[in-house]
file run-v7.txt (compact mmCIF, C-alpha atoms)
# COMPACT_ATOMS: atom_id res chain seq x y z
CA MET G 1305 -12.03 -0.74 27.76
CA SER G 1306 -14.21 2.37 27.46
CA ASP G 1307 -16.83 3.47 24.94
CA ALA G 1308 -17.27 7.20 24.36
CA GLY G 1309 -19.84 7.42 21.57
CA THR G 1310 -18.24 5.79 18.55
CA SER G 1311 -14.80 5.62 20.13
CA PHE G 1312 -13.36 2.60 21.93
CA ARG G 1313 -10.19 2.63 23.99
CA LEU G 1314 -7.94 -0.11 25.38
CA ARG G 1315 -4.81 0.24 27.51
CA VAL G 1316 -2.69 -2.87 28.01
CA ALA G 1317 0.78 -3.68 29.26
CA ALA G 1318 3.32 -4.22 26.49
CA ASP G 1319 3.18 -7.97 27.02
CA PRO G 1320 3.32 -10.46 24.12
CA ALA G 1321 0.73 -12.65 25.85
CA LEU G 1322 -1.89 -9.93 25.36
CA GLY G 1323 -2.24 -10.27 21.60
CA VAL G 1324 -5.47 -12.18 22.10
CA THR G 1325 -6.76 -9.34 24.30
CA VAL G 1326 -5.96 -6.77 21.63
CA ARG G 1327 -7.75 -8.77 18.93
CA THR G 1328 -10.73 -9.35 21.20
CA PHE G 1329 -10.88 -5.57 21.71
CA VAL G 1330 -11.03 -5.01 17.95
CA ARG G 1331 -13.66 -7.71 17.39
CA SER G 1332 -15.84 -6.55 20.27
CA SER G 1333 -15.66 -2.92 19.09
CA ALA G 1334 -16.56 -3.79 15.50
CA PRO G 1335 -20.37 -3.96 15.79
CA GLY G 1336 -20.54 -0.57 17.52
CA LEU G 1337 -18.44 1.00 14.78
CA GLY G 1338 -20.15 -0.71 11.85
CA LEU G 1339 -16.94 -2.40 10.71
CA ARG G 1340 -17.01 -5.06 8.00
CA ASP G 1341 -15.30 -8.44 8.38
CA GLU G 1342 -12.41 -7.34 6.16
CA ASP G 1343 -11.93 -4.22 8.30
CA VAL G 1344 -11.84 -6.36 11.42
CA GLU G 1345 -9.21 -8.64 9.88
CA THR G 1346 -7.10 -5.62 8.91
CA LEU G 1347 -7.45 -4.02 12.32
CA CYS G 1348 -6.62 -7.24 14.17
CA LEU G 1349 -3.39 -7.48 12.22
CA ALA G 1350 -2.59 -3.79 12.69
CA ALA G 1351 -3.30 -3.80 16.42
CA THR G 1352 -1.26 -6.98 16.93
CA GLU G 1353 1.67 -5.51 15.01
CA LEU G 1354 1.51 -2.37 17.17
CA LEU G 1355 1.58 -4.50 20.32
CA ALA G 1356 4.48 -6.56 19.01
CA ASN G 1357 6.39 -3.39 18.20
CA ALA G 1358 5.71 -2.01 21.68
CA VAL G 1359 7.10 -5.22 23.21
CA GLU G 1360 10.18 -5.22 20.99
CA ALA G 1361 10.77 -1.52 21.71
CA ASP G 1362 10.61 -2.16 25.47
CA GLU G 1363 7.62 0.12 25.96
CA ARG G 1364 5.66 -0.26 29.19
CA ALA G 1365 2.08 0.08 27.94
CA LEU G 1366 0.17 0.40 24.70
CA GLU G 1367 -2.99 2.47 24.35
CA LEU G 1368 -5.28 1.91 21.38
CA THR G 1369 -8.20 4.10 20.37
CA LEU G 1370 -10.52 2.89 17.66
CA GLU G 1371 -13.19 5.08 16.12
CA ALA G 1372 -15.24 5.45 12.96
CA ALA G 1373 -16.82 8.42 11.21
CA ASP G 1374 -17.93 9.32 7.70
CA GLY G 1375 -17.31 5.85 6.31
CA ARG G 1376 -13.75 5.60 7.64
CA TRP G 1377 -12.16 3.89 10.62
CA THR G 1378 -9.17 5.26 12.53
CA LEU G 1379 -6.86 3.43 14.90
CA ARG G 1380 -4.62 5.58 17.08
CA ALA G 1381 -1.88 4.15 19.25
CA THR G 1382 0.51 5.53 21.83
CA GLY G 1383 3.34 3.61 23.50
CA VAL G 1384 4.30 1.86 20.25
CA GLY G 1385 7.94 2.98 20.18
CA PRO G 1386 9.95 3.45 16.99
CA LEU G 1387 8.64 1.15 14.26
CA ARG G 1388 11.06 -1.74 13.84
CA THR G 1389 12.05 -4.44 11.40
CA VAL G 1390 10.92 -7.97 12.23
CA ALA G 1391 13.81 -10.41 12.71
CA ASP G 1392 14.17 -13.55 10.55
CA ALA G 1393 12.06 -12.32 7.65
CA GLU G 1394 13.39 -8.75 7.78
CA ILE G 1395 9.87 -7.40 7.46
CA ASP G 1396 9.69 -3.62 7.64
CA ARG G 1397 6.79 -3.05 10.02
CA ARG G 1398 6.28 0.52 8.78
CA ALA G 1399 5.87 -0.80 5.24
CA LEU G 1400 3.54 -3.54 6.44
CA LEU G 1401 1.30 -1.09 8.29
CA SER G 1402 1.34 1.26 5.29
CA GLY G 1403 0.10 -1.63 3.19
CA LEU G 1404 -2.88 -2.08 5.50
CA ALA G 1405 -4.04 1.55 5.72
CA SER G 1406 -2.97 5.18 5.54
CA LEU G 1407 -0.21 5.52 8.14
CA ALA G 1408 0.92 8.62 10.01
CA VAL G 1409 3.50 8.78 12.79
CA ASP G 1410 3.79 12.09 14.63
CA PRO G 1411 6.99 13.33 16.30
CA SER G 1412 5.75 12.22 19.73
CA GLY G 1413 5.52 8.65 18.46
CA GLU G 1414 1.73 8.43 18.20
CA VAL G 1415 0.73 6.17 15.34
CA GLU G 1416 -2.46 6.69 13.36
CA LEU G 1417 -3.89 4.28 10.82
CA SER G 1418 -6.96 5.17 8.81
CA ALA G 1419 -8.92 3.67 5.92
CA ALA G 1420 -12.31 3.75 4.29
CA PHE G 1421 -14.66 0.92 5.24
CA ALA G 1422 -14.22 -2.18 3.10
CA ASP G 1423 -16.81 -2.60 0.33
CA MET Q 922 -4.77 -17.07 26.83
CA VAL Q 923 -4.54 -19.13 23.64
CA GLU Q 924 -1.89 -21.81 23.32
CA LEU Q 925 -0.56 -23.01 20.00
CA GLY Q 926 -1.39 -26.59 19.03
CA ILE Q 927 1.36 -28.45 17.16
CA GLU Q 928 1.03 -31.98 15.78
CA ILE Q 929 3.81 -33.73 13.88
CA THR Q 930 3.01 -36.60 11.51
CA THR Q 931 4.37 -38.06 8.28
CA TYR Q 932 2.65 -37.96 4.90
CA ARG Q 933 4.06 -39.24 1.58
CA GLY Q 934 7.63 -38.99 2.88
CA TRP Q 935 7.15 -35.49 4.30
CA GLN Q 936 7.30 -34.65 7.95
CA VAL Q 937 4.18 -32.55 8.40
CA ILE Q 938 3.96 -30.03 11.22
CA ALA Q 939 0.31 -29.06 11.64
CA VAL Q 940 -0.34 -25.88 13.60
CA ARG Q 941 -3.61 -24.86 15.23
CA GLY Q 942 -4.48 -21.49 16.80
CA ASP Q 943 -3.15 -17.93 16.64
CA LEU Q 944 0.44 -17.46 15.48
CA ASP Q 945 1.81 -14.22 16.90
CA LEU Q 946 4.68 -12.80 18.94
CA TYR Q 947 3.67 -14.89 21.95
CA THR Q 948 3.19 -18.25 20.25
CA SER Q 949 5.68 -18.13 17.36
CA PRO Q 950 8.73 -19.01 19.55
CA SER Q 951 7.09 -22.39 20.23
CA LEU Q 952 6.73 -23.03 16.50
CA ARG Q 953 10.26 -21.79 15.85
CA THR Q 954 11.63 -24.28 18.41
CA ASN Q 955 9.70 -27.19 16.90
CA LEU Q 956 10.77 -26.30 13.37
CA HIS Q 957 14.46 -26.09 14.28
CA GLU Q 958 14.37 -29.44 16.07
CA VAL Q 959 13.08 -31.26 13.00
CA SER Q 960 15.88 -32.86 11.00
CA ASP Q 961 14.03 -34.49 8.10
CA ASP Q 962 14.90 -33.49 4.53
CA LYS Q 963 11.28 -32.81 3.57
CA ILE Q 964 9.28 -30.64 5.92
CA ALA Q 965 5.75 -29.38 5.36
CA LEU Q 966 4.15 -26.79 7.59
CA ASP Q 967 0.37 -27.16 7.57
CA LEU Q 968 -1.25 -23.85 8.57
CA THR Q 969 -4.78 -24.77 7.50
CA ASP Q 970 -6.06 -24.43 11.08
CA VAL Q 971 -4.17 -21.25 11.96
CA THR Q 972 -6.77 -18.65 12.89
CA PHE Q 973 -4.49 -15.61 12.89
CA ILE Q 974 -0.93 -14.84 11.83
CA ASP Q 975 1.21 -11.71 12.18
CA SER Q 976 4.72 -10.78 11.07
CA SER Q 977 6.25 -12.64 14.03
CA GLY Q 978 4.60 -15.85 12.84
CA LEU Q 979 5.68 -15.17 9.29
CA GLY Q 980 9.21 -14.56 10.57
CA ALA Q 981 9.23 -18.01 12.17
CA ILE Q 982 8.14 -19.57 8.88
CA VAL Q 983 10.74 -17.75 6.80
CA GLY Q 984 13.44 -18.57 9.38
CA ALA Q 985 12.55 -22.26 9.13
CA LEU Q 986 12.51 -22.13 5.35
CA LYS Q 987 16.05 -20.70 5.33
CA HIS Q 988 17.19 -23.27 7.91
CA VAL Q 989 15.87 -26.23 5.88
CA ARG Q 990 17.10 -24.97 2.51
CA GLU Q 991 20.58 -24.22 3.88
CA ARG Q 992 21.00 -27.92 4.58
CA GLY Q 993 19.62 -28.88 1.17
CA GLY Q 994 16.15 -29.90 2.30
CA ALA Q 995 12.69 -29.21 0.90
CA PHE Q 996 10.19 -26.98 2.69
CA ALA Q 997 6.51 -26.57 1.87
CA VAL Q 998 3.71 -24.52 3.39
CA ILE Q 999 0.06 -25.55 3.26
CA ALA Q 1000 -2.55 -22.84 3.84
CA GLN Q 1001 -5.98 -21.72 2.72
CA PRO Q 1002 -5.62 -19.86 -0.61
CA GLU Q 1003 -7.74 -16.90 0.54
CA GLY Q 1004 -6.55 -16.92 4.13
CA SER Q 1005 -4.67 -14.42 6.26
CA LEU Q 1006 -1.26 -15.95 5.49
CA THR Q 1007 -1.70 -15.38 1.76
CA ARG Q 1008 -2.62 -11.75 2.41
CA LEU Q 1009 0.35 -11.24 4.74
CA LEU Q 1010 2.74 -12.79 2.23
CA SER Q 1011 1.46 -10.40 -0.43
CA LEU Q 1012 1.69 -7.37 1.87
CA THR Q 1013 5.30 -8.13 2.78
CA GLY Q 1014 6.44 -9.21 -0.68
CA LEU Q 1015 7.41 -12.60 0.74
CA ASP Q 1016 5.05 -14.29 -1.71
CA GLN Q 1017 8.13 -14.33 -3.95
CA ILE Q 1018 9.80 -16.94 -1.72
CA VAL Q 1019 6.85 -18.68 -0.01
CA SER Q 1020 4.11 -20.12 -2.22
CA PRO Q 1021 1.59 -22.04 -0.10
CA LEU Q 1022 -0.04 -25.21 -1.35
CA GLY Q 1023 -3.78 -25.33 -0.93
CA ARG Q 1024 -4.02 -28.89 0.40
CA ARG Q 1025 -1.86 -31.55 2.01
CA GLU Q 1026 -2.65 -33.76 -0.99
CA ASP Q 1027 -0.65 -31.32 -3.17
CA LEU Q 1028 2.63 -32.43 -1.56
CA ALA Q 1029 4.70 -34.14 -4.26
call {"tool": "encode", "arguments": {"input": "run-v7.txt", "output": "structure tokens"}}
result
Amino acid sequence: MSDAGTSFRLRVAADPALGVTVRTFVRSSAPGLGLRDEDVETLCLAATELLANAVEADERALELTLEAADGRWTLRATGVGPLRTVADAEIDRRALLSGLASLAVDPSGEVELSAAFAD
Amino acid sequence: MVELGIEITTYRGWQVIAVRGDLDLYTSPSLRTNLHEVSDDKIALDLTDVTFIDSSGLGAIVGALKHVRERGGAFAVIAQPEGSLTRLLSLTGLDQIVSPLGRREDLA
């Protein structure tokens, strides 16, 4: 994990056992970014979904960058793979992430989620 | 690494599966296995002590719900009304098929 000003970065193997690590990254970054509890809850879910997608898409590693500026947080991810549908419940992960924050996926596959700080 | 705690008891004729810990891609297969091994007609999944849940965990719950209802059984979910499960159900639209009870005492 690295801290460059108000930006925090984590690179992990696409391993389902590392969900706890991803959520610990979000929670430990929160004070430095001024995130509220609701933001942390949202980001823990988003980051975990991105890891799960990376695992299901057979990616090797996931890199997360979390930053905040001007009252907004941004989570960028590479190594996510194409966003998939969750088996059993047929949950569209793209729709789920869009429900959490503003979602953008660029042609290279980088995912960006952004939202204003919770009230 | 966090393991999932699962405790199975009976309450008012329901087989209650109480889950403790984080329910995600890593831990949900354990829950899925336990849920599919239960053969009672009335199954309640108590998620009061679940500290985190993602779509993989929700998938395990919905899969179990389908499994139990296909054989004519009853399936109930117990969770904190303002908790992460309620939010996830709303985000995914699955609140139309899963309506958590607030307390174990609400089981009929």
call {"tool": "residues_around", "arguments": {"input": "run-v7.txt", "residues": "Arg1376 (chain G)", "least_positions_apart": "6", "cutoff": "6 Å", "atoms": "all atoms listed in the file", "output": "list in words"}}
result
Ala1419, Ala1420 and Phe1421 of chain G
call {"tool": "interface_residues", "arguments": {"input": "run-v7.txt", "of": "chain G", "to": "chain Q", "cutoff": "8 Å", "atoms": "all atoms listed in the file", "output": "PyMOL selection string"}}
result
chain G and resi 1320-1324+1349+1352-1353+1356+1390-1396+1399-1400+1403-1404
call {"tool": "write_last_selection", "arguments": {"input": "run-v7.txt", "atoms": "C-alpha atoms", "output": "mmCIF file, in the frame of the given file"}}
result
data_model
loop_
_atom_site.group_PDB
_atom_site.id
_atom_site.type_symbol
_atom_site.label_atom_id
_atom_site.label_comp_id
_atom_site.auth_asym_id
_atom_site.auth_seq_id
_atom_site.Cartn_x
_atom_site.Cartn_y
_atom_site.Cartn_z
ATOM 1 C CA PRO G 1320 3.320 -10.460 24.120
ATOM 2 C CA ALA G 1321 0.730 -12.650 25.850
ATOM 3 C CA LEU G 1322 -1.890 -9.930 25.360
ATOM 4 C CA GLY G 1323 -2.240 -10.270 21.600
ATOM 5 C CA VAL G 1324 -5.470 -12.180 22.100
ATOM 6 C CA LEU G 1349 -3.390 -7.480 12.220
ATOM 7 C CA THR G 1352 -1.260 -6.980 16.930
ATOM 8 C CA GLU G 1353 1.670 -5.510 15.010
ATOM 9 C CA ALA G 1356 4.480 -6.560 19.010
ATOM 10 C CA VAL G 1390 10.920 -7.970 12.230
ATOM 11 C CA ALA G 1391 13.810 -10.410 12.710
ATOM 12 C CA ASP G 1392 14.170 -13.550 10.550
ATOM 13 C CA ALA G 1393 12.060 -12.320 7.650
ATOM 14 C CA GLU G 1394 13.390 -8.750 7.780
ATOM 15 C CA ILE G 1395 9.870 -7.400 7.460
ATOM 16 C CA ASP G 1396 9.690 -3.620 7.640
ATOM 17 C CA ALA G 1399 5.870 -0.800 5.240
ATOM 18 C CA LEU G 1400 3.540 -3.540 6.440
ATOM 19 C CA GLY G 1403 0.100 -1.630 3.190
ATOM 20 C CA LEU G 1404 -2.880 -2.080 5.500
#
call {"tool": "closest_residue", "arguments": {"input": "run-v7.txt", "among": "Q:Glu1026, Q:Thr1007, Q:Val998, Q:Gln936", "to": "Glu958 (chain Q)", "atoms": "only C-alpha atoms"}}
result
Q:Gln936
call {"tool": "atom_distance", "arguments": {"input": "run-v7.txt", "atom1": "CA of Ser1333 (chain G)", "atom2": "CA of Glu1363 (chain G)"}}
result
24.5 Å
call {"tool": "closest_residue", "arguments": {"input": "run-v7.txt", "among": "Q:Asp962, Q:Asp967, Q:Asp1016, Q:Glu991", "to": "Thr930 (chain Q)", "atoms": "only C-alpha atoms"}}
result
Q:Asp967
call {"tool": "atom_distance", "arguments": {"input": "run-v7.txt", "atom1": "CA of Gly1375 (chain G)", "atom2": "CA of Arg1340 (chain G)"}}
result
11.0 Å
call {"tool": "atom_distance", "arguments": {"input": "run-v7.txt", "atom1": "CA of Glu1416 (chain G)", "atom2": "CA of Leu1006 (chain Q)"}}
result
24.0 Å
call {"tool": "decode", "arguments": {"input": "run-v7.txt", "residues": "region 1314-1363 of chain G", "atoms": "C-alpha atoms", "output": "tab-separated table (two decimals), in the first residue's frame"}}
result
chain	number	residue	atom	x	y	z
G	1314	LEU	CA	-3.22	-1.32	-3.28
G	1315	ARG	CA	-2.16	-4.12	-5.62
G	1316	VAL	CA	-3.31	-7.63	-4.75
G	1317	ALA	CA	-3.51	-10.99	-6.48
G	1318	ALA	CA	-6.95	-11.80	-7.85
G	1319	ASP	CA	-7.58	-14.20	-4.99
G	1320	PRO	CA	-10.99	-14.54	-3.30
G	1321	ALA	CA	-9.31	-14.89	0.09
G	1322	LEU	CA	-8.11	-11.28	-0.15
G	1323	GLY	CA	-11.49	-9.62	0.28
G	1324	VAL	CA	-10.63	-8.83	3.87
G	1325	THR	CA	-7.38	-7.21	2.70
G	1326	VAL	CA	-9.25	-5.04	0.22
G	1327	ARG	CA	-11.73	-3.88	2.85
G	1328	THR	CA	-8.94	-3.22	5.33
G	1329	PHE	CA	-7.28	-1.06	2.66
G	1330	VAL	CA	-10.46	1.02	2.29
G	1331	ARG	CA	-10.97	1.38	6.05
G	1332	SER	CA	-7.35	2.29	6.72
G	1333	SER	CA	-7.35	4.87	3.91
G	1334	ALA	CA	-10.58	6.51	5.10
G	1335	PRO	CA	-9.19	8.83	7.80
G	1336	GLY	CA	-6.55	10.24	5.45
G	1337	LEU	CA	-9.18	10.98	2.82
G	1338	GLY	CA	-11.81	12.36	5.19
G	1339	LEU	CA	-14.34	9.69	4.24
G	1340	ARG	CA	-17.58	9.30	6.20
G	1341	ASP	CA	-18.80	5.95	7.54
G	1342	GLU	CA	-21.36	5.65	4.73
G	1343	ASP	CA	-18.62	6.29	2.15
G	1344	VAL	CA	-16.50	3.58	3.72
G	1345	GLU	CA	-19.39	1.11	3.58
G	1346	THR	CA	-20.00	1.95	-0.08
G	1347	LEU	CA	-16.32	1.67	-0.96
G	1348	CYS	CA	-15.90	-1.63	0.88
G	1349	LEU	CA	-18.73	-3.10	-1.17
G	1350	ALA	CA	-17.42	-1.60	-4.42
G	1351	ALA	CA	-13.84	-2.75	-3.86
G	1352	THR	CA	-14.99	-6.25	-2.89
G	1353	GLU	CA	-17.18	-6.49	-6.00
G	1354	LEU	CA	-14.22	-5.43	-8.16
G	1355	LEU	CA	-12.05	-8.13	-6.58
G	1356	ALA	CA	-14.77	-10.75	-7.05
G	1357	ASN	CA	-15.11	-9.75	-10.69
G	1358	ALA	CA	-11.34	-9.97	-11.19
G	1359	VAL	CA	-11.38	-13.50	-9.74
G	1360	GLU	CA	-14.33	-14.60	-11.86
G	1361	ALA	CA	-12.73	-13.08	-14.97
G	1362	ASP	CA	-9.49	-14.99	-14.32
G	1363	GLU	CA	-7.43	-11.82	-13.97
